[in-house]
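As stored in start_8.txt (compact mmCIF, C-alpha atoms):
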```
# COMPACT_ATOMS: atom_id res chain seq x y z
CA MET A 1 0.00 0.00 0.00
CA THR A 2 1.23 3.48 -0.82
CA VAL A 3 0.15 6.85 0.47
CA LEU A 4 -1.01 9.16 -2.28
CA LYS A 5 0.58 12.58 -1.92
CA SER A 6 -1.58 14.81 -4.07
CA ALA A 7 -3.66 17.52 -2.45
CA LYS A 8 -6.83 16.11 -3.97
CA SER A 9 -6.23 12.84 -2.14
CA SER A 10 -5.97 14.44 1.27
CA PRO A 11 -8.38 12.86 3.77
CA ASN A 12 -8.76 16.14 5.68
CA SER A 13 -12.17 16.92 4.18
CA ALA A 14 -13.42 13.42 5.04
CA PHE A 15 -12.17 13.73 8.60
CA LEU A 16 -13.84 17.14 8.84
CA VAL A 17 -17.23 15.78 7.73
CA LEU A 18 -16.94 12.82 10.09
CA THR A 19 -15.95 15.11 12.97
CA LEU A 20 -18.93 17.39 12.38
CA ILE A 21 -21.37 14.47 12.32
CA TRP A 22 -19.74 12.83 15.34
CA VAL A 23 -19.65 16.03 17.43
CA TYR A 24 -23.27 16.83 16.57
CA THR A 25 -24.39 13.32 17.53
CA PHE A 26 -22.32 13.47 20.72
CA TYR A 27 -23.85 16.81 21.68
CA VAL A 28 -27.52 15.99 21.07
CA SER A 29 -27.49 12.44 22.43
CA ILE A 30 -24.93 12.58 25.25
CA LEU A 31 -24.18 16.12 26.43
CA THR A 32 -27.78 17.32 26.13
CA PRO A 33 -29.88 14.15 25.79
CA PRO A 34 -33.64 14.60 25.40
CA PHE A 35 -36.17 13.47 27.97
CA PHE A 36 -35.90 9.90 29.21
CA GLY A 37 -38.86 8.71 27.15
CA TYR A 38 -36.72 9.29 24.06
CA PHE A 39 -34.48 6.36 24.96
CA THR A 40 -35.31 3.53 22.60
CA VAL A 41 -36.53 0.04 23.40
CA ASP A 42 -33.31 -1.25 21.86
CA GLU A 43 -31.16 0.65 24.33
CA ASN A 44 -33.18 -0.48 27.33
CA PHE A 45 -33.29 -4.12 26.24
CA ILE A 46 -29.56 -4.22 25.52
CA ALA A 47 -28.68 -2.57 28.83
CA ASP A 48 -31.07 -4.81 30.79
CA SER A 49 -29.64 -7.91 29.12
CA GLY A 50 -26.05 -6.88 29.83
CA ILE A 51 -26.71 -6.20 33.50
CA PHE A 52 -28.82 -9.25 34.24
CA LEU A 53 -26.35 -11.46 32.45
CA TRP A 54 -24.47 -11.23 35.77
CA TYR A 55 -27.49 -12.95 37.34
CA GLY A 56 -27.50 -15.75 34.77
CA ASN A 57 -30.47 -14.45 32.78
CA THR A 58 -30.55 -15.18 29.06
CA PRO A 59 -30.53 -11.88 27.11
CA ARG A 60 -33.83 -10.43 25.95
CA CYS A 61 -32.55 -9.11 22.62
CA LEU A 62 -31.69 -12.37 20.90
CA ASP A 63 -33.42 -11.65 17.60
CA TRP A 64 -30.90 -8.84 16.85
CA PRO A 65 -28.79 -10.11 18.78
CA ALA A 66 -26.60 -7.03 19.62
CA THR A 67 -24.38 -9.03 21.95
CA PRO A 68 -21.22 -6.88 21.51
CA SER A 69 -23.24 -3.91 22.80
CA LEU A 70 -24.75 -6.18 25.45
CA LEU A 71 -21.28 -7.22 26.60
CA THR A 72 -20.32 -3.55 26.79
CA PHE A 73 -23.04 -2.98 29.38
CA PHE A 74 -22.02 -6.24 31.04
CA LEU A 75 -18.48 -4.92 31.52
CA MET A 76 -19.71 -1.47 32.54
CA PHE A 77 -21.87 -2.96 35.28
CA GLY A 78 -18.98 -5.15 36.43
CA LEU A 79 -16.72 -2.10 36.68
CA ALA A 80 -19.42 -0.22 38.59
CA VAL A 81 -19.70 -3.09 41.07
CA ALA A 82 -15.91 -3.31 41.40
CA GLY A 83 -15.74 0.43 42.07
CA SER A 84 -18.48 0.13 44.68
CA ILE A 85 -16.64 -2.73 46.38
CA VAL A 86 -13.43 -0.70 46.54
CA THR A 87 -15.26 2.37 47.83
CA ASN A 88 -17.08 0.40 50.53
CA ARG A 89 -14.31 -2.06 51.30
CA GLY A 90 -14.48 -1.21 55.00
CA GLN A 91 -18.05 -2.52 55.16
CA ILE A 92 -17.38 -5.76 53.30
CA HIS A 93 -16.66 -8.72 55.56
CA GLY A 94 -17.69 -11.67 53.42
CA LEU A 95 -19.00 -12.98 50.14
CA LEU A 96 -22.58 -12.00 50.96
CA ASP A 97 -21.50 -8.38 51.29
CA VAL A 98 -19.99 -8.59 47.80
CA PHE A 99 -23.26 -9.95 46.42
CA GLU A 100 -25.07 -7.12 48.17
CA GLN A 101 -23.03 -4.63 46.14
CA PHE A 102 -24.31 -6.29 42.96
CA ASP A 103 -27.89 -5.84 44.15
CA LEU A 104 -27.31 -2.24 45.18
CA GLN A 105 -25.85 -1.38 41.77
CA ALA A 106 -28.74 -3.14 40.02
CA TYR A 107 -31.22 -1.20 42.15
CA GLN A 108 -29.41 2.03 41.30
CA TYR A 109 -29.69 1.13 37.62
CA PHE A 110 -33.43 0.62 37.98
CA THR A 111 -33.93 3.94 39.74
CA ASN A 112 -31.61 5.99 37.51
CA ARG A 113 -30.80 4.14 34.33
CA GLU A 114 -30.48 7.25 32.18
CA SER A 115 -26.89 7.97 33.22
CA PHE A 116 -25.95 4.34 32.57
CA LEU A 117 -27.49 4.42 29.09
CA VAL A 118 -25.71 7.66 28.27
CA VAL A 119 -22.37 6.05 29.10
CA GLY A 120 -23.31 3.14 26.83
CA ARG A 121 -24.11 5.59 24.05
CA THR A 122 -20.72 7.21 24.52
CA VAL A 123 -18.91 3.89 24.21
CA GLN A 124 -20.82 2.97 21.05
CA LEU A 125 -20.23 6.38 19.49
CA LEU A 126 -16.50 6.09 20.21
CA GLU A 127 -16.42 2.62 18.65
CA VAL A 128 -18.18 3.80 15.50
CA GLY A 129 -15.92 6.85 15.23
CA ILE A 130 -12.76 4.77 15.56
CA VAL A 131 -13.91 2.28 12.91
CA LEU A 132 -14.78 5.07 10.46
CA VAL A 133 -11.43 6.79 11.05
CA ILE A 134 -9.62 3.53 10.28
CA LEU A 135 -11.78 3.11 7.17
CA ILE A 136 -10.99 6.63 5.93
CA ARG A 137 -7.27 6.07 6.46
CA PHE A 138 -7.47 2.81 4.51
CA LEU A 139 -9.33 4.35 1.57
CA TYR A 140 -6.87 7.23 1.26
CA ARG A 141 -3.75 5.12 1.73
CA GLN A 142 -4.74 2.22 -0.49
CA ASN A 143 -3.48 2.32 -4.07
CA HIS A 144 -6.09 0.71 -6.33
CA THR A 145 -7.30 1.30 -9.86
CA LEU A 146 -10.86 1.86 -8.67
CA LEU A 147 -9.77 4.51 -6.17
CA THR A 148 -9.28 7.55 -8.38
CA GLU A 149 -9.01 11.22 -7.48
CA LEU A 150 -12.76 11.49 -8.06
CA SER A 151 -14.06 8.21 -6.65
CA ARG A 152 -11.99 8.24 -3.47
CA PRO A 153 -13.54 11.32 -1.78
CA ALA A 154 -17.00 10.57 -3.21
CA LEU A 155 -16.99 7.02 -1.86
CA THR A 156 -15.67 8.15 1.51
CA PHE A 157 -18.36 10.81 1.81
CA ILE A 158 -21.10 8.30 0.98
CA ILE A 159 -19.83 5.86 3.61
CA ILE A 160 -19.37 8.28 6.50
CA THR A 161 -22.80 9.82 5.91
CA SER A 162 -24.51 6.48 5.31
CA TYR A 163 -27.97 5.79 6.65
CA VAL A 164 -26.77 2.33 7.65
CA VAL A 165 -24.37 3.86 10.18
CA TRP A 166 -26.35 6.83 11.45
CA PHE A 167 -29.75 5.12 11.32
CA ASN A 168 -32.14 6.82 13.75
CA ALA A 169 -29.44 9.27 14.84
CA PRO A 170 -28.87 10.81 17.29
CA VAL A 171 -29.76 7.55 19.09
CA LEU A 172 -27.57 4.97 17.39
CA ARG A 173 -29.04 1.53 16.86
CA PRO A 174 -27.02 -1.72 16.72
CA GLU A 175 -26.69 -1.09 12.97
CA ALA A 176 -24.21 1.70 13.68
CA LEU A 177 -21.39 -0.55 14.86
CA SER A 178 -22.21 -3.46 12.56
CA GLY A 179 -22.70 -1.13 9.59
CA SER A 180 -19.38 0.65 10.03
CA LEU A 181 -17.54 -2.67 10.45
CA PHE A 182 -19.29 -4.06 7.39
CA PHE A 183 -18.20 -1.08 5.29
CA TYR A 184 -14.61 -1.68 6.40
CA ILE A 185 -14.81 -5.38 5.45
CA LEU A 186 -16.32 -4.47 2.09
CA ALA A 187 -13.61 -1.89 1.41
CA ARG A 188 -10.88 -4.41 2.18
CA LEU A 189 -12.42 -6.93 -0.20
CA LEU A 190 -13.04 -4.45 -3.02
CA PHE A 191 -9.83 -2.46 -2.94
CA THR A 192 -7.24 -5.14 -2.18
CA ASP A 193 -5.86 -7.16 -5.08
CA ARG A 194 -4.67 -10.01 -2.87
CA LEU A 195 -5.59 -10.95 0.68
CA SER A 196 -3.21 -12.99 2.79
CA ASN A 197 -4.51 -15.78 4.98
CA GLN A 198 -4.06 -13.63 8.08
CA GLN A 199 -6.05 -10.78 6.53
CA ILE A 200 -8.89 -13.15 5.64
CA TYR A 201 -8.91 -14.53 9.18
CA TRP A 202 -9.11 -10.99 10.55
CA LEU A 203 -12.03 -10.17 8.25
CA ALA A 204 -13.77 -13.36 9.42
CA VAL A 205 -13.40 -12.23 13.04
CA LEU A 206 -14.84 -8.82 12.19
CA PHE A 207 -17.75 -10.34 10.30
CA GLY A 208 -18.49 -12.64 13.23
CA ILE A 209 -18.80 -9.51 15.37
CA VAL A 210 -21.00 -7.90 12.72
CA LEU A 211 -23.39 -10.86 12.80
CA ALA A 212 -23.40 -10.90 16.59
CA GLU A 213 -24.33 -7.23 16.60
CA ARG A 214 -26.94 -7.41 13.83
CA LEU A 215 -27.94 -10.78 12.41
CA LEU A 216 -29.57 -9.09 9.43
CA PHE A 217 -26.16 -8.97 7.74
CA VAL A 218 -26.32 -12.74 7.24
CA PHE A 219 -27.98 -11.99 3.90
CA VAL A 220 -24.72 -10.57 2.52
CA VAL A 221 -22.75 -13.76 3.26
CA PRO A 222 -22.74 -14.95 -0.40
CA MET A 223 -21.24 -11.64 -1.50
CA LEU A 224 -18.49 -11.81 1.13
CA LEU A 225 -17.69 -15.42 0.32
CA GLY A 226 -17.33 -14.45 -3.32
CA GLY A 227 -14.94 -11.69 -2.31
CA VAL A 228 -12.88 -14.09 -0.20
CA PHE A 229 -12.78 -16.57 -3.08
CA TYR A 230 -11.48 -14.05 -5.62
CA ARG A 231 -9.13 -12.17 -3.29
CA SER A 232 -7.43 -15.10 -1.57
CA GLU A 233 -3.91 -15.83 -2.76
CA ARG A 234 -4.36 -19.59 -3.08
CA ASN A 235 -6.57 -22.49 -1.95
CA HIS A 236 -9.72 -20.48 -2.64
CA TRP A 237 -12.24 -23.09 -1.47
CA ARG A 238 -10.23 -23.90 1.63
CA MET A 239 -10.10 -20.22 2.58
CA ILE A 240 -13.87 -19.93 2.16
CA PHE A 241 -14.33 -22.92 4.46
CA ARG A 242 -11.99 -21.43 7.06
CA PHE A 243 -13.69 -18.04 6.76
CA ILE A 244 -17.06 -19.65 7.51
CA LEU A 245 -15.71 -21.68 10.42
CA LEU A 246 -13.94 -18.72 12.03
CA THR A 247 -16.97 -16.47 11.55
CA LEU A 248 -19.21 -19.05 13.22
CA ALA A 249 -16.70 -19.52 16.05
CA VAL A 250 -16.59 -15.78 16.78
CA PHE A 251 -20.37 -15.58 16.55
CA VAL A 252 -20.77 -18.40 19.09
CA VAL A 253 -18.20 -16.80 21.39
CA CYS A 254 -20.21 -13.58 21.29
CA CYS A 255 -23.52 -15.47 21.57
CA PRO A 256 -22.84 -18.51 23.80
CA PHE A 257 -26.56 -18.59 24.61
CA ILE A 258 -27.02 -20.51 21.37
CA LEU A 259 -25.40 -23.47 23.12
CA THR A 260 -26.52 -22.91 26.70
CA ASP A 261 -30.13 -21.84 26.08
CA PRO A 262 -31.13 -23.07 22.61
CA LEU A 263 -34.86 -23.19 23.34
CA VAL A 264 -34.89 -19.63 24.67
CA VAL A 265 -32.96 -18.47 21.63
CA LEU A 266 -35.38 -20.21 19.27
CA LYS A 267 -38.36 -18.73 21.07
CA SER A 268 -36.90 -15.23 20.97
CA PHE A 269 -35.64 -15.35 17.40
CA ILE A 270 -38.49 -17.24 15.74
CA GLY A 271 -41.05 -15.41 17.86
CA GLY A 272 -39.60 -12.07 16.80
CA ILE A 273 -39.59 -13.04 13.14
CA MET A 274 -43.17 -14.32 13.30
CA ALA A 275 -44.31 -11.14 15.04
CA LYS A 276 -42.76 -9.01 12.32
CA MET A 277 -44.28 -11.17 9.59
CA ASN A 278 -47.74 -11.03 11.13
CA ASP A 279 -47.47 -7.30 11.67
CA LYS A 280 -47.65 -6.73 7.91
CA PRO A 281 -47.80 -10.05 6.08
CA MET A 282 -47.02 -10.15 2.39
CA ALA A 283 -49.87 -11.10 0.09
CA THR A 284 -47.57 -13.11 -2.17
CA LEU A 285 -44.42 -15.17 -1.86
CA PHE A 286 -42.34 -12.37 -3.33
CA ASN A 287 -42.77 -8.80 -2.15
CA TYR A 288 -43.89 -7.39 -5.49
CA GLU A 289 -44.89 -4.13 -3.81
CA PHE A 290 -41.32 -3.48 -2.70
CA ILE A 291 -39.92 -4.57 -6.08
CA GLY A 292 -42.30 -2.18 -7.80
CA LEU A 293 -41.25 0.70 -5.58
CA TYR A 294 -37.60 -0.13 -6.23
CA LEU A 295 -38.05 -0.11 -9.99
CA GLN A 296 -39.96 3.17 -9.90
CA ASN A 297 -36.77 4.99 -8.93
CA PRO A 298 -34.65 5.64 -12.06
CA VAL A 299 -31.47 5.76 -9.97
CA ASN A 300 -31.88 2.08 -9.13
CA TYR A 301 -31.53 1.16 -12.79
CA LEU A 302 -28.13 2.85 -12.74
CA VAL A 303 -27.25 0.94 -9.56
CA LEU A 304 -28.22 -2.37 -11.19
CA PHE A 305 -26.20 -1.54 -14.30
CA LEU A 306 -23.12 -0.60 -12.28
CA SER A 307 -23.54 -3.74 -10.17
CA VAL A 308 -23.51 -5.91 -13.29
CA LEU A 309 -20.40 -4.12 -14.53
CA GLY A 310 -18.72 -4.57 -11.16
CA ASP A 311 -19.60 -8.26 -11.04
CA GLY A 312 -18.20 -8.73 -14.52
CA TYR A 313 -15.01 -6.92 -13.56
CA CYS A 314 -14.55 -9.03 -10.41
CA LEU A 315 -15.31 -12.25 -12.26
CA GLY A 316 -12.77 -11.37 -14.93
CA ARG A 317 -10.07 -10.64 -12.37
CA GLY A 318 -11.09 -13.73 -10.42
CA GLN A 319 -10.55 -15.93 -13.45
CA GLY A 320 -7.11 -14.42 -13.75
CA PHE A 321 -6.40 -15.28 -10.11
CA ILE A 322 -7.46 -18.88 -10.60
CA ILE A 323 -5.48 -19.35 -13.79
CA SER A 324 -2.39 -17.83 -12.24
```

Represent the structure from my file as structure tokens, please.
Amino acid sequence: MTVLKSAKSSPNSAFLVLTLIWVYTFYVSILTPPFFGYFTVDENFIADSGIFLWYGNTPRCLDWPATPSLLTFFLMFGLAVAGSIVTNRGQIHGLLDVFEQFDLQAYQYFTNRESFLVVGRTVQLLEVGIVLVILIRFLYRQNHTLLTELSRPALTFIIITSYVVWFNAPVLRPEALSGSLFFYILARLLFTDRLSNQQIYWLAVLFGIVLAERLLFVFVVPMLLGGVFYRSERNHWRMIFRFILLTLAVFVVCCPFILTDPLVVLKSFIGGIMAKMNDKPMATLFNYEFIGLYLQNPVNYLVLFLSVLGDGYCLGRGQGFIIS
């Protein structure tokens, strides 16, 4: 990878746009958050699940599943309990006193959860900001034929202002972290001619975290597997198999409830899916209404055309990889 030196390739404008969005989101959701009723069901469920995981309760948000965010609240609560134990160490004379600190912190969360949720928002916003900074640095340092003086800033601007990342801002949903990580994975696959085995393993770890944060991204698995196949240096099928195994391993590590509480997971996941289906069931097997709305937008024809061109380009380069 080489760093492009021209003024047009400077990432300063991208960092400026990201900083403005990040500071605005930080101000309206953390420094001056709206009334408590504005906190979303997602935030409350994730925080509840993280805290009561200490009590052995299976998380309540398993149809997302948002477990990286859940584990953030899990660690935050553990640190709060540890701090309380240190502060009140003179009053602790046994194990029961330690357990009492857990209950006191849980009670404090129930009575004043807003401050706890705001800290969780801060952590998530920092995570998203760090991922996007790394992504910007990669796009501006990577030397690739598709990254031109025109496409580089345009692509960066589209990513850092994406609806996938800032969905429902200023209150970030689980899509914020998973979306920013997914964009980074996609950029690595698109703008790297060859991926070493270690790089593919790292992308598998990241994608496992993406799935654990938002299971909806499972629908893009075929696209990622195609990218791994064409970008791997050798043993294409073996690398796909290892990518799948490592992704599943990371997903299970983040969501061990799949093994410990399979019936609860099935009830939560399938129940959530059925509820969403029954909320507005489709009249036909295929959602022709959505397809019709999609085709009504002329821009989508351009997107389809460019997608076909991109697939043809990748397939052509992939054949070259295989032959070589």

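Among A:Trp22, A:Phe52, A:Tyr184, A:Phe99, the residue with the shortest atom-to-atom distance to Thr161 (chain A), counting only C-alpha atoms, is A:Trp22.
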
Exercise for the section: Just give me the gap between CA of Asn12 (chain A) and CA of Phe182 (chain A) in Å, one decimal is fine. Expected result: 22.8 Å

So that I can see what lies close to Leu245 (chain A), please list as a compact mmCIF listing (two decimals) with C-alpha atoms, in the frame of the given file the residues with an atom at most 12 Å from it, counting all atoms listed in the file and leaving out residues fewer than 2 positions away in the same chain.
```txt
# COMPACT_ATOMS: atom_id res chain seq x y z
CA ILE A 200 -8.89 -13.15 5.64
CA TYR A 201 -8.91 -14.53 9.18
CA ALA A 204 -13.77 -13.36 9.42
CA VAL A 205 -13.40 -12.23 13.04
CA PHE A 207 -17.75 -10.34 10.30
CA GLY A 208 -18.49 -12.64 13.23
CA ARG A 238 -10.23 -23.90 1.63
CA MET A 239 -10.10 -20.22 2.58
CA ILE A 240 -13.87 -19.93 2.16
CA PHE A 241 -14.33 -22.92 4.46
CA ARG A 242 -11.99 -21.43 7.06
CA PHE A 243 -13.69 -18.04 6.76
CA THR A 247 -16.97 -16.47 11.55
CA LEU A 248 -19.21 -19.05 13.22
CA ALA A 249 -16.70 -19.52 16.05
CA VAL A 250 -16.59 -15.78 16.78
CA PHE A 251 -20.37 -15.58 16.55
CA VAL A 252 -20.77 -18.40 19.09
```

Handout entry: Shell of 9 Å around region 231-237 of chain A, all atoms listed in the file, local chain residues under 3 positions omitted, as a PyMOL selection string
Key = chain A and resi 189-190+192-197+200+226-228+240-242+318+321-322

Practice task
To one decimal in Å, tell me the separation between CA of Leu266 (chain A) and CA of Phe74 (chain A).
Solution key: 22.6 Å

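Minimum distance to Arg152 (chain A) across A:Asn297, A:Asn44, A:Ser10, A:Thr67 (counting all atoms listed in the file) occurs at A:Ser10.
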
Fill in the blank from the handout: The residue from A:Val133, A:Gly312, A:Val118, A:Val218 with the smallest atom-to-atom distance to Pro34 (chain A), counting only C-alpha atoms, is A:Val118

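Between CA of Ile158 (chain A) and CA of Val17 (chain A) there is a distance of 10.8 Å.
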